[in-house]
Amino acid sequence: MGNKMIKAERHPELSVEKLRWRCDPRQFHFKTTEELMPCEGIIGQKRAENAIQLGLEVKGRGYNIFVTGLVGTGRTFTIKHLLEKLDKGKELPDDILYVNNFSNPDMPRAITLPTGKGCQFKADMEHLVTSLLKTISGIFASEEYKKKRKEIVEIYKQKQAEIIEAFEKRVAEEGFALVQVQMGPYVKPDLQPLLEDKPVGFKQLESMVAEQKFPGEKLEQLKKVYDQLYSQMETSFAATKEIIKDMEESLESQDKRLLVPIIEEMIAEVKRRYTYKSVAIYLNEVQEDVIAHLDFFREPKREEPAGPQMFMGAAPEDPLKNYRVNLLIDNSKTEGPPIIIETSPSYRNLFGTIERVMERGGVWKTDFTMIKAGSVLRAKGGYLVMNALDLLLEPGAWPALKRALRFGQVEIASFDPFYFMASTGLKPEPIEAELKVVLIGEEFLYQLLYHRDEDFKKVFKIKAEFDSVMPRDDKIICEYASFIRKITTEDKLLPFNPEGTSAVIEFAVRLAGKHSKITTRFTALSDLIREASYWAQKAKAKSVAAAHVERAVKEWKKRHSLTEDKVQEMIEEGDILIDTKGAKVGQVNGLSIYSIGEYSFGKPTRITAQTSLGRSGVINIEREAELSGPTHNKGVLILTGYLQGKYAQDKPLVMNASICFEQSYAGVDGDSASSTEIYAIISSLAEVSIRQDLAVTGSVNQKGEIQPIGGVNQKIEGYFDVCKARRLTGNQGVLIPHQNVDELMLEREVVDAVEAGRFHIYAIKSIDEGIEILTGVKAGVRKKSGEFEEETINHLVDRKLKGLAESWRAYIGNESAT
């Protein structure tokens, strides 16, 4: 730097008051949070709360709710809280039952009854079946019934005996005998003539005729008699079968005359208790089936399972099962609309299933008693809450849910996409199911479904967005103190004193990233409260103080900062080259953010620039090496526009300027280093050294205005750690965008160093301000003549660019002449 250069005026640094917002513990009028009432409501999130309230209260198909927001912002708690506040006096949901469909057993019939009636109906049907079994089997076992049955049987037996006796008499008169002939596996009655009082077959007689041992005329006569007798035998046997049929009809008629009035009266008694059309239809079918199958009630003998069933634990067949009731949903103990929070939204858990058992022969079998309900039916008339991502990951669950919400009914079916053994198919009658579904998910999931699924916007008309921050005011601070009281009460933790409460609130403001805001990530705050209480207990304190909160934050950071410590170690050992003193041309300390899961930290990065004669313009080495992200590429193009607008209005911009993030071997993205890259190029062109004890962050627009960046606290603290490790000189510091001042919540160690004058933080608005602080030379403004003030940074840059343009013109001229 020459003596003729104009020195820049001293730029003011930020005051200590602006480096950290402080929560005054004196505003709390309590000794510990034990004196406060626990927070019961929702803190902040009024927008989301109103949206959810609308979705829950508006009646109409499709008014289901999709809740978006960061994890830990109170989404699930808010939903639970609002659901619990709903009017418990609303109409209670119906009970749901499945019964046998006697006309089509593969399509079980659904019956809905008012709350509590389902349980009663099931009990009444069980009592009816038991009563029928006891009554009918008792009548069948009575001596009077047996006597009447025996009389009828004897009458028909006598008729049968008379026919058989008459036939046998004629057979004997004609010299024939009734014999049993083996026909393969079967035995058949037949007639054979008697020879010497012994039955002889016709084949044997034909052989005897051939041997002239029996007269042929006699054989022909016997054959004619055989034909007549055989015809009479068929007629007699047919008559006996008809007599048996008449006997069975007579016995059945007697059973019905005796039992039908009893059965009708018993079923009529149940009908009088349930004046519902669906129940009346079902009971009529039950009555008809009972009358048609009276034998089911003759002390039924259950066969024990054998073969594979024995090992599968299959239950013996129940002949009276068709008259029983499958109570699918019992709301008898429900006090209000059901609220179901489904943590595992698989198809089976949501929509139920049809179970099956193995019967003999290894065949799977099922029936209406094996139909099981899922969460959608259990939430009928109420609310179903679940995680959107969990739902979408389950095979078949999302399409089935959309159908249920669109058409307002649920079809229960077995869903076994990976099951290859066939089972008996059932198609239960669909059940009407009106309910509200609340899905909790990330914003990207909402956008994905909204744009890629046409049905989504029809069935989820309400979007509730949870913000990660909310405005900070005195009321919110008091609510935060009540929230601390709530967590300490629920988890039986130590109470917080005012200083400890202030420390938690300051942490919440840092998480929010702005002094005027405070975070709504209550999960992170709850963890901090628990861990601070732990350290207070370890210190045998009676309440949690600020030191314990700071210890909890420090220990959390230590658990996650292995990568940060490794990077810091490499800087300290010189493996990563960073200068924190002196001055160099074309070299600036930039500040980068490293994000590793839930933890992020800042560290300095050396950014260099080399300029020369050429027409390539700004060369982004990171881009050429395919290590640059789109936002970083955009930042480089913006700084090219800045250089053109600033210096290339009266001449072409003839230069090569290569910029590089030194020792960066991973991807680089973001535009927060764009101002740093400009400073490096300007330094190289002006051949003016830049202070290495300062680090810079900030994006820039084409007008040279500094724009805000993210992670300002981590960046400052990262550079401070490097300077502290090499000893603070009192000259080191950081340049940040002026818009980020309201976001500063620096660690107390950094604030103390600034207060002691050992570290400095500058808030700048333009490139000119920044270059003056970095070089100590005035930036210079353009005069009316169009030239910059002499011996200023901009004058030196402009002069260098003019020289490069003239050199390029001369070079091109020589090339043309040659």
# chains A, B, ... in the order shown; residues from 1 in each chain; ligands from 1
call {"tool": "select_by_dssp", "arguments": {"residues": "range 404-512 of chain A", "states": "helix (DSSP H, G or I)", "output": "PyMOL selection string"}}
result
chain A and resi 404-407+443-452+456-459+474-490+498-512
call {"tool": "residues_around", "arguments": {"residues": "Trp21 in chain A", "least_positions_apart": "5", "cutoff": "8 Å", "atoms": "only C-alpha atoms", "output": "list in words"}}
result
Glu506, His515, Leu744 and Met745 of chain A
call {"tool": "write_last_selection", "arguments": {"atoms": "N, CA, C and O atoms", "output": "PDB file, in the first residue's frame"}}
result
ATOM      1  N   GLU A 506     -33.741 -17.318  26.171  1.00  0.00           N
ATOM      2  CA  GLU A 506     -32.689 -16.835  25.276  1.00  0.00           C
ATOM      3  C   GLU A 506     -32.292 -17.908  24.265  1.00  0.00           C
ATOM      4  O   GLU A 506     -32.050 -17.630  23.085  1.00  0.00           O
ATOM      5  N   HIS A 515     -34.180 -11.588  16.932  1.00  0.00           N
ATOM      6  CA  HIS A 515     -34.508 -11.050  18.255  1.00  0.00           C
ATOM      7  C   HIS A 515     -36.007 -10.903  18.464  1.00  0.00           C
ATOM      8  O   HIS A 515     -36.503 -11.077  19.582  1.00  0.00           O
ATOM      9  N   LEU A 744     -28.385 -11.768  15.792  1.00  0.00           N
ATOM     10  CA  LEU A 744     -27.228 -12.121  16.615  1.00  0.00           C
ATOM     11  C   LEU A 744     -27.644 -12.563  18.016  1.00  0.00           C
ATOM     12  O   LEU A 744     -28.330 -11.853  18.742  1.00  0.00           O
ATOM     13  N   MET A 745     -27.239 -13.796  18.358  1.00  0.00           N
ATOM     14  CA  MET A 745     -27.394 -14.338  19.707  1.00  0.00           C
ATOM     15  C   MET A 745     -26.117 -15.113  20.014  1.00  0.00           C
ATOM     16  O   MET A 745     -26.099 -16.333  20.158  1.00  0.00           O
TER      17      MET A 745
END
call {"tool": "residues_around", "arguments": {"residues": "Ala433 in chain A", "least_positions_apart": "6", "cutoff": "6 Å", "atoms": "only C-alpha atoms", "output": "MDAnalysis selection string"}}
result
chainID A and resid 380 408:409
call {"tool": "write_last_selection", "arguments": {"atoms": "C-alpha atoms", "output": "short mmCIF file (atom, residue, chain, number, x, y, z; two decimals), in the first residue's frame"}}
result
data_model
loop_
_atom_site.label_atom_id
_atom_site.label_comp_id
_atom_site.auth_asym_id
_atom_site.auth_seq_id
_atom_site.Cartn_x
_atom_site.Cartn_y
_atom_site.Cartn_z
CA LYS A 380 -66.44 -43.52 12.59
CA GLY A 408 -67.88 -42.35 2.65
CA GLN A 409 -67.81 -46.11 3.11
#
call {"tool": "residues_around", "arguments": {"residues": "range 655-663 of chain A", "least_positions_apart": "5", "cutoff": "6 Å", "atoms": "only C-alpha atoms", "output": "list in words"}}
result
Arg606, Ile607, Thr608, Ala609, Gln610, Thr611, Ser612, Leu613, Gly614, Arg615, Ser616, Gly617, Val618, Ile619, Asn620 and Ile621 of chain A
call {"tool": "atom_distance", "arguments": {"atom1": "CA of Ala110 in chain A", "atom2": "CA of Ile339 in chain A"}}
result
22.9 Å
call {"tool": "residues_around", "arguments": {"residues": "Ala524 in chain A", "least_positions_apart": "4", "cutoff": "10 Å", "atoms": "only C-alpha atoms", "output": "number ranges by chain"}}
result
A: 71-73, 508, 511, 519-520, 528-529
call {"tool": "closest_residue", "arguments": {"among": "A:Glu499, A:His632, A:Val567, A:Leu562", "to": "Arg22 in chain A", "atoms": "only C-alpha atoms"}}
result
A:Glu499
call {"tool": "closest_residue", "arguments": {"among": "A:Lys198, A:His11, A:Lys218, A:Arg273", "to": "Lys765 in chain A", "atoms": "only C-alpha atoms"}}
result
A:His11
call {"tool": "residues_around", "arguments": {"residues": "Glu57 in chain A", "least_positions_apart": "3", "cutoff": "12 Å", "atoms": "only C-alpha atoms", "output": "list of chain:residue names"}}
result
A:Asn50, A:Ala51, A:Ile52, A:Gln53, A:Leu54, A:Gly60, A:Arg61, A:Tyr63, A:Asn64, A:Ile65, A:Leu82, A:Leu83, A:Lys85, A:Leu86, A:Asp87, A:Lys90, A:Gly382, A:Tyr383, A:Leu435, A:Lys436, A:Ile462
call {"tool": "closest_residue", "arguments": {"among": "A:Ser543, A:Ile487, A:Glu13, A:Gln692", "to": "Ala583 in chain A", "atoms": "only C-alpha atoms"}}
result
A:Gln692
call {"tool": "decode", "arguments": {"residues": "range 109-132 of chain A", "atoms": "N, CA and C atoms", "output": "PDB file, in the first residue's frame"}}
result
ATOM      1  N   ARG A 109     -73.843 -59.596   6.194  1.00  0.00           N
ATOM      2  CA  ARG A 109     -74.664 -58.394   6.265  1.00  0.00           C
ATOM      3  C   ARG A 109     -74.202 -57.512   7.419  1.00  0.00           C
ATOM      4  N   ALA A 110     -74.090 -56.200   7.162  1.00  0.00           N
ATOM      5  CA  ALA A 110     -73.714 -55.224   8.193  1.00  0.00           C
ATOM      6  C   ALA A 110     -74.961 -54.616   8.809  1.00  0.00           C
ATOM      7  N   ILE A 111     -74.934 -54.464  10.126  1.00  0.00           N
ATOM      8  CA  ILE A 111     -76.041 -53.832  10.853  1.00  0.00           C
ATOM      9  C   ILE A 111     -75.451 -52.751  11.750  1.00  0.00           C
ATOM     10  N   THR A 112     -76.033 -51.565  11.711  1.00  0.00           N
ATOM     11  CA  THR A 112     -75.620 -50.497  12.622  1.00  0.00           C
ATOM     12  C   THR A 112     -76.749 -50.222  13.592  1.00  0.00           C
ATOM     13  N   LEU A 113     -76.382 -50.093  14.866  1.00  0.00           N
ATOM     14  CA  LEU A 113     -77.357 -49.846  15.925  1.00  0.00           C
ATOM     15  C   LEU A 113     -76.893 -48.660  16.760  1.00  0.00           C
ATOM     16  N   PRO A 114     -77.812 -47.969  17.421  1.00  0.00           N
ATOM     17  CA  PRO A 114     -77.410 -46.852  18.286  1.00  0.00           C
ATOM     18  C   PRO A 114     -76.414 -47.306  19.348  1.00  0.00           C
ATOM     19  N   THR A 115     -75.652 -46.338  19.848  1.00  0.00           N
ATOM     20  CA  THR A 115     -74.599 -46.615  20.820  1.00  0.00           C
ATOM     21  C   THR A 115     -75.107 -47.468  21.977  1.00  0.00           C
ATOM     22  N   GLY A 116     -74.398 -48.557  22.241  1.00  0.00           N
ATOM     23  CA  GLY A 116     -74.741 -49.451  23.343  1.00  0.00           C
ATOM     24  C   GLY A 116     -75.697 -50.558  22.968  1.00  0.00           C
ATOM     25  N   LYS A 117     -76.446 -50.385  21.860  1.00  0.00           N
ATOM     26  CA  LYS A 117     -77.413 -51.402  21.451  1.00  0.00           C
ATOM     27  C   LYS A 117     -76.721 -52.631  20.854  1.00  0.00           C
ATOM     28  N   GLY A 118     -75.558 -52.420  20.269  1.00  0.00           N
ATOM     29  CA  GLY A 118     -74.854 -53.530  19.652  1.00  0.00           C
ATOM     30  C   GLY A 118     -74.469 -54.594  20.646  1.00  0.00           C
ATOM     31  N   CYS A 119     -73.935 -54.147  21.779  1.00  0.00           N
ATOM     32  CA  CYS A 119     -73.545 -55.086  22.837  1.00  0.00           C
ATOM     33  C   CYS A 119     -74.768 -55.823  23.368  1.00  0.00           C
ATOM     34  N   GLN A 120     -75.871 -55.095  23.538  1.00  0.00           N
ATOM     35  CA  GLN A 120     -77.110 -55.719  24.025  1.00  0.00           C
ATOM     36  C   GLN A 120     -77.640 -56.730  23.022  1.00  0.00           C
ATOM     37  N   PHE A 121     -77.605 -56.358  21.733  1.00  0.00           N
ATOM     38  CA  PHE A 121     -78.119 -57.262  20.707  1.00  0.00           C
ATOM     39  C   PHE A 121     -77.298 -58.542  20.640  1.00  0.00           C
ATOM     40  N   LYS A 122     -75.991 -58.403  20.742  1.00  0.00           N
ATOM     41  CA  LYS A 122     -75.143 -59.594  20.735  1.00  0.00           C
ATOM     42  C   LYS A 122     -75.492 -60.494  21.913  1.00  0.00           C
ATOM     43  N   ALA A 123     -75.639 -59.896  23.089  1.00  0.00           N
ATOM     44  CA  ALA A 123     -75.990 -60.687  24.275  1.00  0.00           C
ATOM     45  C   ALA A 123     -77.361 -61.344  24.113  1.00  0.00           C
ATOM     46  N   ASP A 124     -78.306 -60.607  23.534  1.00  0.00           N
ATOM     47  CA  ASP A 124     -79.654 -61.165  23.331  1.00  0.00           C
ATOM     48  C   ASP A 124     -79.628 -62.315  22.344  1.00  0.00           C
ATOM     49  N   MET A 125     -78.805 -62.203  21.298  1.00  0.00           N
ATOM     50  CA  MET A 125     -78.702 -63.290  20.320  1.00  0.00           C
ATOM     51  C   MET A 125     -78.027 -64.502  20.936  1.00  0.00           C
ATOM     52  N   GLU A 126     -77.022 -64.275  21.771  1.00  0.00           N
ATOM     53  CA  GLU A 126     -76.379 -65.397  22.460  1.00  0.00           C
ATOM     54  C   GLU A 126     -77.399 -66.094  23.367  1.00  0.00           C
ATOM     55  N   HIS A 127     -78.196 -65.283  24.052  1.00  0.00           N
ATOM     56  CA  HIS A 127     -79.217 -65.851  24.938  1.00  0.00           C
ATOM     57  C   HIS A 127     -80.279 -66.585  24.113  1.00  0.00           C
ATOM     58  N   LEU A 128     -80.640 -66.028  22.966  1.00  0.00           N
ATOM     59  CA  LEU A 128     -81.629 -66.670  22.107  1.00  0.00           C
ATOM     60  C   LEU A 128     -81.132 -68.029  21.632  1.00  0.00           C
ATOM     61  N   VAL A 129     -79.870 -68.081  21.166  1.00  0.00           N
ATOM     62  CA  VAL A 129     -79.310 -69.345  20.675  1.00  0.00           C
ATOM     63  C   VAL A 129     -79.253 -70.369  21.806  1.00  0.00           C
ATOM     64  N   THR A 130     -78.809 -69.904  22.980  1.00  0.00           N
ATOM     65  CA  THR A 130     -78.727 -70.812  24.133  1.00  0.00           C
ATOM     66  C   THR A 130     -80.116 -71.326  24.516  1.00  0.00           C
ATOM     67  N   SER A 131     -81.087 -70.411  24.507  1.00  0.00           N
ATOM     68  CA  SER A 131     -82.458 -70.800  24.866  1.00  0.00           C
ATOM     69  C   SER A 131     -83.046 -71.764  23.848  1.00  0.00           C
ATOM     70  N   LEU A 132     -82.814 -71.480  22.569  1.00  0.00           N
ATOM     71  CA  LEU A 132     -83.309 -72.380  21.526  1.00  0.00           C
ATOM     72  C   LEU A 132     -82.701 -73.760  21.664  1.00  0.00           C
TER      73      LEU A 132
END
